[in-house]
Amino acid sequence: MECSLKWGVVRRVRNFSGRQELVVEVGSHVAKAMNYPQLTGPCQPDDTVLLNTTADALQLGTGGWHYVLAICGRERSLSKCGHIMKLRYTPLQGRTLSVEEEESPYHEVMKGAQSLQGLPVAVGTLHSMLAPLAWTIQQHNKDKRLVYLMSDGAALPLGFSQVVHVLKTRGLIHKTITFGHAFGGDLEAVNIYSALLAASHVARADIAVVLMGPGVVGTGTTFGTTAIEQGVFLNAVLQLGGTAVAIPRLSEKDSRIRHLGMSHHTRTVLSKVVQGKVFVPMPEYFRKLFPKGQKLEELGHKLVWEQTEESYERLFEARLPFSTMGRGLRDDPLFFHGVLASAQFCTRL
């Protein structure tokens, strides 16, 4: 693995929850950069910073930023408690207070936590599913506590997600939990199992949703995608006695045939990774576009058909940044109908 490192000078700073967005001078060029104060400390104008410029050099979409590795002349000391390391054995490794460990105020609760006791858990593959899901759940029942579990399948800092900050500010997400090497949630957890149990027994979720952060990885092969984690997480929900709900990835406008209708990511997860039967809510709108159904029954799971037209129209009232792969509500309606089917089904549970 190779990365590109360059020095730059900070010219402007915008502060957000968990991150700073910077304008930096790198040689004769001006560029945008991201800083995570949890890792490096806060940046100020005129700071000289060491930048990882790899993502920009490769012209990546979601990750097309420079990232601050260190601030010249400024030391950073350990100030928080906890002994669980994230980004282990890298120059950026840092400690967190995990919800399970002995110093945690929730240690005794987590020692006794063994079951989800039927908790509905929706599991998807794209971060863009979070906003329409959270909005719709609140519209159907404003008293539901939705807890978001962010995996390490894509972006690792929760602070990178602008959407999560907006959803929490508006009360659409009750708590956040980051697990694996993802970090920055209200609670930190070691793995998917303890994260799920923390959602139920510590955060007191009525509904949980598991999604990676921005930046899914795909290779055009059957298993070479971080979306495969959906099946692993659904298995964990089943094993812990939760109600497992697969959010299908659907599209009517994706230029790649393998993602039209039900994406090959979802099909692979449901046919080759999940070990038990899970609920798969589907919008009736899908049957209008694909009257032959793409042989969904052959997947062997519990299909639930939902009328989502009204929920879809209400999304336009939400004043939220709904977008997936650069496509908005009117550009790819089927994607959003698929998420809404899962949201509606979870609220009834």
# chains A, B, ... in the order shown; residues from 1 in each chain; ligands from 1
$ residues_around --residues "Arg319 of chain A" --least-positions-apart "6" --cutoff "12 Å" --atoms "only C-alpha atoms" --output "list in words"
Ala131, Pro132, Trp135, Val163, Val166, Leu167, Arg170 and Leu329 of chain A
$ residues_around --residues "Met110 of chain A" --least-positions-apart "2" --cutoff "12 Å" --atoms "only C-alpha atoms" --output "PyMOL selection string"
chain A and resi 98-102+104-108+112-116+189-190+193-203
$ residues_around --residues "segment 275-290 of chain A" --least-positions-apart "4" --cutoff "9 Å" --atoms "only C-alpha atoms" --output "PyMOL selection string"
chain A and resi 231-232+234-235+238+243-248+250+252+261+270-271+294+300-309+334+337-345
$ write_last_selection --atoms "N, CA and C atoms" --output "compact mmCIF listing (two decimals), in the first residue's frame"
# COMPACT_ATOMS: atom_id res chain seq x y z
N GLY A 231 -24.59 -9.14 4.94
CA GLY A 231 -24.94 -10.50 5.29
C GLY A 231 -24.37 -10.93 6.63
N VAL A 232 -23.13 -10.54 6.90
CA VAL A 232 -22.49 -10.86 8.18
C VAL A 232 -23.28 -10.24 9.33
N LEU A 234 -26.50 -9.25 9.30
CA LEU A 234 -27.81 -9.89 9.43
C LEU A 234 -27.70 -11.21 10.18
N ASN A 235 -26.63 -11.94 9.92
CA ASN A 235 -26.41 -13.18 10.67
C ASN A 235 -26.27 -12.89 12.17
N LEU A 238 -29.67 -12.27 13.74
CA LEU A 238 -30.37 -13.53 13.94
C LEU A 238 -29.81 -14.30 15.13
N THR A 243 -34.83 -9.09 15.30
CA THR A 243 -35.64 -9.21 14.07
C THR A 243 -34.84 -8.60 12.94
N ALA A 244 -34.33 -9.45 12.05
CA ALA A 244 -33.40 -9.02 11.01
C ALA A 244 -34.16 -8.55 9.77
N VAL A 245 -33.88 -7.32 9.35
CA VAL A 245 -34.55 -6.70 8.21
C VAL A 245 -33.48 -6.25 7.22
N ALA A 246 -33.48 -6.80 6.02
CA ALA A 246 -32.52 -6.42 4.99
C ALA A 246 -33.08 -5.25 4.18
N ILE A 247 -32.34 -4.14 4.15
CA ILE A 247 -32.72 -3.02 3.29
C ILE A 247 -32.20 -3.34 1.89
N PRO A 248 -33.07 -3.52 0.91
CA PRO A 248 -32.58 -3.87 -0.42
C PRO A 248 -32.00 -2.66 -1.14
N LEU A 250 -31.90 -0.98 -4.45
CA LEU A 250 -32.67 -1.01 -5.69
C LEU A 250 -32.32 0.21 -6.54
N GLU A 252 -33.53 2.12 -10.56
CA GLU A 252 -34.10 2.09 -11.91
C GLU A 252 -33.28 2.91 -12.89
N GLY A 261 -32.77 -2.79 -10.95
CA GLY A 261 -33.70 -3.61 -10.19
C GLY A 261 -33.11 -3.83 -8.81
N LEU A 270 -28.16 -12.08 0.10
CA LEU A 270 -29.32 -12.88 0.48
C LEU A 270 -29.20 -14.34 0.04
N SER A 271 -28.48 -14.59 -1.04
CA SER A 271 -28.41 -15.96 -1.55
C SER A 271 -27.17 -16.72 -1.11
N GLN A 294 -38.17 -10.25 -11.13
CA GLN A 294 -36.76 -10.65 -11.07
C GLN A 294 -36.55 -11.90 -10.20
N GLY A 300 -35.46 -17.06 -1.22
CA GLY A 300 -35.76 -17.86 -0.05
C GLY A 300 -35.95 -17.10 1.25
N HIS A 301 -36.25 -15.81 1.18
CA HIS A 301 -36.43 -15.02 2.40
C HIS A 301 -37.88 -14.56 2.53
N LYS A 302 -38.17 -13.80 3.57
CA LYS A 302 -39.54 -13.39 3.87
C LYS A 302 -39.81 -12.02 3.22
N LEU A 303 -40.33 -12.07 1.99
CA LEU A 303 -40.65 -10.84 1.28
C LEU A 303 -41.90 -10.20 1.87
N VAL A 304 -41.84 -8.88 2.05
CA VAL A 304 -42.98 -8.12 2.55
C VAL A 304 -43.18 -6.95 1.60
N TRP A 305 -44.36 -6.88 1.00
CA TRP A 305 -44.61 -5.82 0.01
C TRP A 305 -45.28 -4.64 0.68
N GLU A 306 -44.74 -3.44 0.41
CA GLU A 306 -45.19 -2.21 1.06
C GLU A 306 -45.62 -1.17 0.03
N GLN A 307 -46.72 -0.46 0.36
CA GLN A 307 -47.13 0.69 -0.44
C GLN A 307 -46.35 1.91 0.05
N THR A 308 -45.49 2.45 -0.79
CA THR A 308 -44.58 3.50 -0.35
C THR A 308 -44.79 4.84 -1.05
N GLU A 309 -45.81 4.93 -1.89
CA GLU A 309 -46.00 6.16 -2.68
C GLU A 309 -46.18 7.39 -1.79
N LEU A 334 -36.73 4.55 -7.41
CA LEU A 334 -36.81 3.19 -6.89
C LEU A 334 -35.86 2.99 -5.70
N HIS A 337 -37.72 4.29 -2.71
CA HIS A 337 -38.86 3.43 -2.38
C HIS A 337 -38.39 2.18 -1.63
N GLY A 338 -37.24 1.64 -2.03
CA GLY A 338 -36.71 0.45 -1.36
C GLY A 338 -36.38 0.71 0.10
N VAL A 339 -35.78 1.87 0.39
CA VAL A 339 -35.46 2.23 1.77
C VAL A 339 -36.74 2.47 2.57
N LEU A 340 -37.70 3.13 1.94
CA LEU A 340 -38.96 3.45 2.63
C LEU A 340 -39.73 2.19 2.99
N ALA A 341 -39.66 1.17 2.16
CA ALA A 341 -40.34 -0.09 2.48
C ALA A 341 -39.81 -0.66 3.79
N SER A 342 -38.51 -0.61 3.97
CA SER A 342 -37.90 -1.11 5.21
C SER A 342 -38.27 -0.23 6.39
N ALA A 343 -38.29 1.07 6.20
CA ALA A 343 -38.64 1.99 7.29
C ALA A 343 -40.06 1.74 7.76
N GLN A 344 -40.99 1.62 6.82
CA GLN A 344 -42.38 1.39 7.19
C GLN A 344 -42.55 0.06 7.92
N PHE A 345 -41.87 -0.98 7.43
CA PHE A 345 -41.99 -2.28 8.04
C PHE A 345 -41.44 -2.26 9.47
$ residues_around --residues "His181 of chain A" --least-positions-apart "5" --cutoff "6 Å" --atoms "only C-alpha atoms" --output "list in words"
Lys86, Leu87 and Asp152 of chain A
$ closest_residue --among "A:Leu5, A:Ile177, A:Leu240, A:Ile257" --to "Leu69 of chain A" --atoms "only C-alpha atoms"
A:Leu5
$ residues_around --residues "segment 46-51 of chain A" --least-positions-apart "6" --cutoff "12 Å" --atoms "only C-alpha atoms" --output "ChimeraX atom specification"
/A:3-13,22-27,31-35,40,65-74
$ atom_distance --atom1 "atom CA of Ala55 of chain A" --atom2 "atom CA of Pro157 of chain A"
15.6 Å
$ closest_residue --among "A:Gln38, A:Phe16, A:Gly184, A:Arg204" --to "Val109 of chain A" --atoms "only C-alpha atoms"
A:Arg204
$ select_by_dssp --residues "segment 76-244 of chain A" --states "strand (DSSP E or B)" --output "VMD selection string"
chain A and resid 84 to 86 94 to 96 98 120 to 123 146 to 151 157 175 to 179 183 187 to 189 207 to 212 218 225 243 to 244
$ write_last_selection --atoms "N, CA and C atoms" --output "compact mmCIF listing (two decimals), in the first residue's frame"
# COMPACT_ATOMS: atom_id res chain seq x y z
N ILE A 84 -9.08 0.54 24.59
CA ILE A 84 -9.31 -0.15 23.32
C ILE A 84 -8.78 0.72 22.19
N MET A 85 -7.83 0.16 21.44
CA MET A 85 -7.19 0.91 20.36
C MET A 85 -7.97 0.75 19.06
N LYS A 86 -8.14 1.84 18.34
CA LYS A 86 -8.67 1.80 16.98
C LYS A 86 -7.59 2.29 16.02
N GLY A 94 -5.26 5.24 18.13
CA GLY A 94 -5.66 6.03 19.30
C GLY A 94 -6.60 5.23 20.16
N ARG A 95 -6.70 5.63 21.42
CA ARG A 95 -7.51 4.85 22.34
C ARG A 95 -8.93 5.40 22.43
N THR A 96 -9.85 4.51 22.70
CA THR A 96 -11.24 4.88 22.93
C THR A 96 -11.72 4.17 24.18
N SER A 98 -14.33 1.91 25.17
CA SER A 98 -15.32 1.02 24.58
C SER A 98 -16.44 0.74 25.58
N PRO A 120 -36.03 -4.85 16.34
CA PRO A 120 -35.92 -4.72 14.88
C PRO A 120 -34.61 -4.05 14.49
N VAL A 121 -33.85 -4.71 13.64
CA VAL A 121 -32.57 -4.16 13.18
C VAL A 121 -32.57 -4.18 11.65
N ALA A 122 -32.54 -3.00 11.05
CA ALA A 122 -32.46 -2.88 9.60
C ALA A 122 -30.99 -2.77 9.21
N VAL A 123 -30.58 -3.56 8.23
CA VAL A 123 -29.19 -3.58 7.80
C VAL A 123 -29.12 -3.29 6.30
N LEU A 146 -34.37 5.70 17.37
CA LEU A 146 -33.58 5.07 16.33
C LEU A 146 -32.10 5.21 16.68
N VAL A 147 -31.39 4.08 16.73
CA VAL A 147 -29.96 4.09 17.01
C VAL A 147 -29.21 3.64 15.76
N TYR A 148 -28.22 4.44 15.37
CA TYR A 148 -27.44 4.16 14.17
C TYR A 148 -26.11 3.53 14.54
N LEU A 149 -25.83 2.36 13.98
CA LEU A 149 -24.56 1.66 14.17
C LEU A 149 -23.75 1.81 12.88
N MET A 150 -22.58 2.44 12.98
CA MET A 150 -21.75 2.64 11.80
C MET A 150 -20.58 1.67 11.80
N SER A 151 -20.46 0.90 10.74
CA SER A 151 -19.39 -0.09 10.61
C SER A 151 -18.12 0.57 10.08
N PRO A 157 -14.17 7.67 10.33
CA PRO A 157 -14.64 8.67 11.30
C PRO A 157 -16.12 8.98 11.08
N LYS A 175 -29.12 7.89 19.21
CA LYS A 175 -27.72 7.66 19.57
C LYS A 175 -26.99 7.07 18.38
N THR A 176 -25.66 7.22 18.40
CA THR A 176 -24.81 6.58 17.38
C THR A 176 -23.81 5.67 18.08
N ILE A 177 -23.48 4.56 17.40
CA ILE A 177 -22.49 3.61 17.91
C ILE A 177 -21.54 3.30 16.76
N THR A 178 -20.24 3.45 16.99
CA THR A 178 -19.25 3.07 16.00
C THR A 178 -18.52 1.83 16.49
N PHE A 179 -18.31 0.88 15.57
CA PHE A 179 -17.68 -0.38 15.98
C PHE A 179 -16.61 -0.79 14.98
N PHE A 183 -14.91 5.15 14.35
CA PHE A 183 -14.83 5.83 15.64
C PHE A 183 -15.60 7.14 15.59
N LEU A 187 -21.26 6.03 21.46
CA LEU A 187 -20.69 4.86 22.11
C LEU A 187 -19.72 4.20 21.13
N GLU A 188 -18.65 3.63 21.66
CA GLU A 188 -17.70 2.85 20.86
C GLU A 188 -17.87 1.38 21.23
N ALA A 189 -17.78 0.50 20.26
CA ALA A 189 -17.90 -0.94 20.51
C ALA A 189 -16.82 -1.68 19.74
N ILE A 207 -35.59 0.84 17.48
CA ILE A 207 -35.19 0.34 16.16
C ILE A 207 -33.70 0.65 16.01
N ALA A 208 -32.95 -0.27 15.43
CA ALA A 208 -31.55 -0.01 15.13
C ALA A 208 -31.34 -0.15 13.63
N VAL A 209 -30.37 0.60 13.12
CA VAL A 209 -30.00 0.48 11.71
C VAL A 209 -28.49 0.38 11.63
N VAL A 210 -28.01 -0.57 10.83
CA VAL A 210 -26.57 -0.77 10.65
C VAL A 210 -26.22 -0.44 9.20
N LEU A 211 -25.35 0.55 9.04
CA LEU A 211 -24.89 0.97 7.71
C LEU A 211 -23.44 1.42 7.82
N MET A 212 -22.68 1.22 6.77
CA MET A 212 -21.33 1.78 6.74
C MET A 212 -21.41 3.29 6.55
N GLY A 218 -16.44 -1.19 -4.27
CA GLY A 218 -16.90 -2.23 -5.19
C GLY A 218 -15.86 -2.49 -6.26
N THR A 225 -16.63 -6.55 -2.53
CA THR A 225 -17.30 -5.30 -2.15
C THR A 225 -17.50 -5.28 -0.65
N THR A 243 -34.83 -9.09 15.30
CA THR A 243 -35.64 -9.21 14.07
C THR A 243 -34.84 -8.60 12.94
N ALA A 244 -34.33 -9.45 12.05
CA ALA A 244 -33.40 -9.02 11.01
C ALA A 244 -34.16 -8.55 9.77
$ residues_around --residues "Phe223 of chain A" --least-positions-apart "2" --cutoff "12 Å" --atoms "only C-alpha atoms" --output "list in words"
Val217, Gly218, Thr219, Gly220, Thr221, Thr225, Thr226, Ala227, Ile228, Glu229, Gln230, Gly231, His264, His265, Thr266, Arg267, Thr268, Val269, Lys272 and Val273 of chain A
$ write_last_selection --atoms "N, CA and C atoms" --output "compact mmCIF listing (two decimals), in the first residue's frame"
# COMPACT_ATOMS: atom_id res chain seq x y z
N VAL A 217 -17.03 0.31 -1.16
CA VAL A 217 -16.02 -0.18 -2.10
C VAL A 217 -16.63 -1.27 -2.96
N GLY A 218 -16.44 -1.19 -4.27
CA GLY A 218 -16.90 -2.23 -5.19
C GLY A 218 -15.86 -2.49 -6.26
N THR A 219 -15.87 -3.71 -6.80
CA THR A 219 -14.87 -4.09 -7.81
C THR A 219 -15.49 -4.71 -9.05
N GLY A 220 -16.82 -4.82 -9.08
CA GLY A 220 -17.46 -5.48 -10.22
C GLY A 220 -17.38 -6.99 -10.15
N THR A 221 -16.94 -7.53 -9.00
CA THR A 221 -16.91 -8.98 -8.80
C THR A 221 -17.99 -9.36 -7.78
N THR A 225 -16.63 -6.55 -2.53
CA THR A 225 -17.30 -5.30 -2.15
C THR A 225 -17.50 -5.28 -0.65
N THR A 226 -17.40 -4.11 -0.05
CA THR A 226 -17.68 -4.01 1.38
C THR A 226 -19.16 -4.19 1.68
N ALA A 227 -20.01 -4.17 0.65
CA ALA A 227 -21.44 -4.41 0.86
C ALA A 227 -21.73 -5.81 1.37
N ILE A 228 -20.78 -6.73 1.21
CA ILE A 228 -20.94 -8.09 1.72
C ILE A 228 -21.17 -8.10 3.22
N GLU A 229 -20.69 -7.08 3.91
CA GLU A 229 -20.87 -7.02 5.36
C GLU A 229 -22.34 -7.07 5.77
N GLN A 230 -23.23 -6.67 4.90
CA GLN A 230 -24.66 -6.72 5.21
C GLN A 230 -25.07 -8.12 5.64
N GLY A 231 -24.59 -9.14 4.94
CA GLY A 231 -24.94 -10.50 5.29
C GLY A 231 -24.37 -10.93 6.63
N HIS A 264 -26.95 -6.60 -7.55
CA HIS A 264 -26.27 -7.88 -7.34
C HIS A 264 -25.65 -7.95 -5.95
N HIS A 265 -25.36 -6.81 -5.32
CA HIS A 265 -24.87 -6.82 -3.95
C HIS A 265 -25.91 -7.44 -3.02
N THR A 266 -27.16 -6.96 -3.13
CA THR A 266 -28.23 -7.49 -2.28
C THR A 266 -28.49 -8.96 -2.59
N ARG A 267 -28.51 -9.31 -3.86
CA ARG A 267 -28.76 -10.70 -4.24
C ARG A 267 -27.68 -11.63 -3.70
N THR A 268 -26.44 -11.22 -3.79
CA THR A 268 -25.34 -12.05 -3.29
C THR A 268 -25.47 -12.24 -1.78
N VAL A 269 -25.74 -11.17 -1.07
CA VAL A 269 -25.89 -11.25 0.38
C VAL A 269 -27.01 -12.21 0.76
N LYS A 272 -26.09 -15.99 -0.75
CA LYS A 272 -24.82 -16.68 -0.50
C LYS A 272 -24.20 -16.39 0.87
N VAL A 273 -24.69 -15.38 1.59
CA VAL A 273 -24.03 -15.00 2.84
C VAL A 273 -24.94 -15.21 4.06
$ atom_distance --atom1 "atom CA of Leu58 of chain A" --atom2 "atom CA of Ser161 of chain A"
20.9 Å
$ closest_residue --among "A:Ser17, A:Arg330, A:Ile173, A:Ser263" --to "Gln138 of chain A" --atoms "only C-alpha atoms"
A:Ile173
$ closest_residue --among "A:Leu349, A:Asn191, A:Asn52, A:Leu320" --to "Leu172 of chain A" --atoms "only C-alpha atoms"
A:Leu320
$ atom_distance --atom1 "atom CA of Gly124 of chain A" --atom2 "atom CA of Phe322 of chain A"
15.9 Å
$ decode --residues "segment 147-160 of chain A" --atoms "N, CA and C atoms" --output "PDB file, in the first residue's frame"
ATOM      1  N   VAL A 147     -31.385   4.082  16.728  1.00  0.00           N
ATOM      2  CA  VAL A 147     -29.961   4.086  17.014  1.00  0.00           C
ATOM      3  C   VAL A 147     -29.215   3.643  15.759  1.00  0.00           C
ATOM      4  N   TYR A 148     -28.217   4.441  15.371  1.00  0.00           N
ATOM      5  CA  TYR A 148     -27.437   4.163  14.167  1.00  0.00           C
ATOM      6  C   TYR A 148     -26.107   3.531  14.540  1.00  0.00           C
ATOM      7  N   LEU A 149     -25.827   2.355  13.984  1.00  0.00           N
ATOM      8  CA  LEU A 149     -24.561   1.658  14.166  1.00  0.00           C
ATOM      9  C   LEU A 149     -23.753   1.809  12.881  1.00  0.00           C
ATOM     10  N   MET A 150     -22.581   2.440  12.978  1.00  0.00           N
ATOM     11  CA  MET A 150     -21.750   2.643  11.796  1.00  0.00           C
ATOM     12  C   MET A 150     -20.577   1.671  11.803  1.00  0.00           C
ATOM     13  N   SER A 151     -20.460   0.902  10.739  1.00  0.00           N
ATOM     14  CA  SER A 151     -19.390  -0.087  10.608  1.00  0.00           C
ATOM     15  C   SER A 151     -18.121   0.570  10.084  1.00  0.00           C
ATOM     16  N   ASP A 152     -17.078  -0.244   9.954  1.00  0.00           N
ATOM     17  CA  ASP A 152     -15.821   0.262   9.381  1.00  0.00           C
ATOM     18  C   ASP A 152     -15.659  -0.181   7.923  1.00  0.00           C
ATOM     19  N   GLY A 153     -16.780  -0.421   7.229  1.00  0.00           N
ATOM     20  CA  GLY A 153     -16.716  -0.861   5.842  1.00  0.00           C
ATOM     21  C   GLY A 153     -16.370   0.243   4.856  1.00  0.00           C
ATOM     22  N   ALA A 154     -16.447   1.490   5.284  1.00  0.00           N
ATOM     23  CA  ALA A 154     -16.134   2.618   4.390  1.00  0.00           C
ATOM     24  C   ALA A 154     -15.411   3.676   5.221  1.00  0.00           C
ATOM     25  N   ALA A 155     -15.925   4.910   5.255  1.00  0.00           N
ATOM     26  CA  ALA A 155     -15.295   5.947   6.070  1.00  0.00           C
ATOM     27  C   ALA A 155     -15.221   5.484   7.522  1.00  0.00           C
ATOM     28  N   LEU A 156     -14.089   5.716   8.164  1.00  0.00           N
ATOM     29  CA  LEU A 156     -13.928   5.309   9.570  1.00  0.00           C
ATOM     30  C   LEU A 156     -14.395   6.374  10.564  1.00  0.00           C
ATOM     31  N   PRO A 157     -14.170   7.672  10.332  1.00  0.00           N
ATOM     32  CA  PRO A 157     -14.641   8.672  11.297  1.00  0.00           C
ATOM     33  C   PRO A 157     -16.115   8.979  11.082  1.00  0.00           C
ATOM     34  N   LEU A 158     -16.917   8.847  12.117  1.00  0.00           N
ATOM     35  CA  LEU A 158     -18.326   9.221  11.992  1.00  0.00           C
ATOM     36  C   LEU A 158     -18.447  10.703  11.663  1.00  0.00           C
ATOM     37  N   GLY A 159     -17.475  11.502  12.113  1.00  0.00           N
ATOM     38  CA  GLY A 159     -17.515  12.933  11.849  1.00  0.00           C
ATOM     39  C   GLY A 159     -17.460  13.297  10.379  1.00  0.00           C
ATOM     40  N   PHE A 160     -17.037  12.366   9.518  1.00  0.00           N
ATOM     41  CA  PHE A 160     -16.994  12.650   8.085  1.00  0.00           C
ATOM     42  C   PHE A 160     -18.403  12.810   7.502  1.00  0.00           C
TER      43      PHE A 160
END
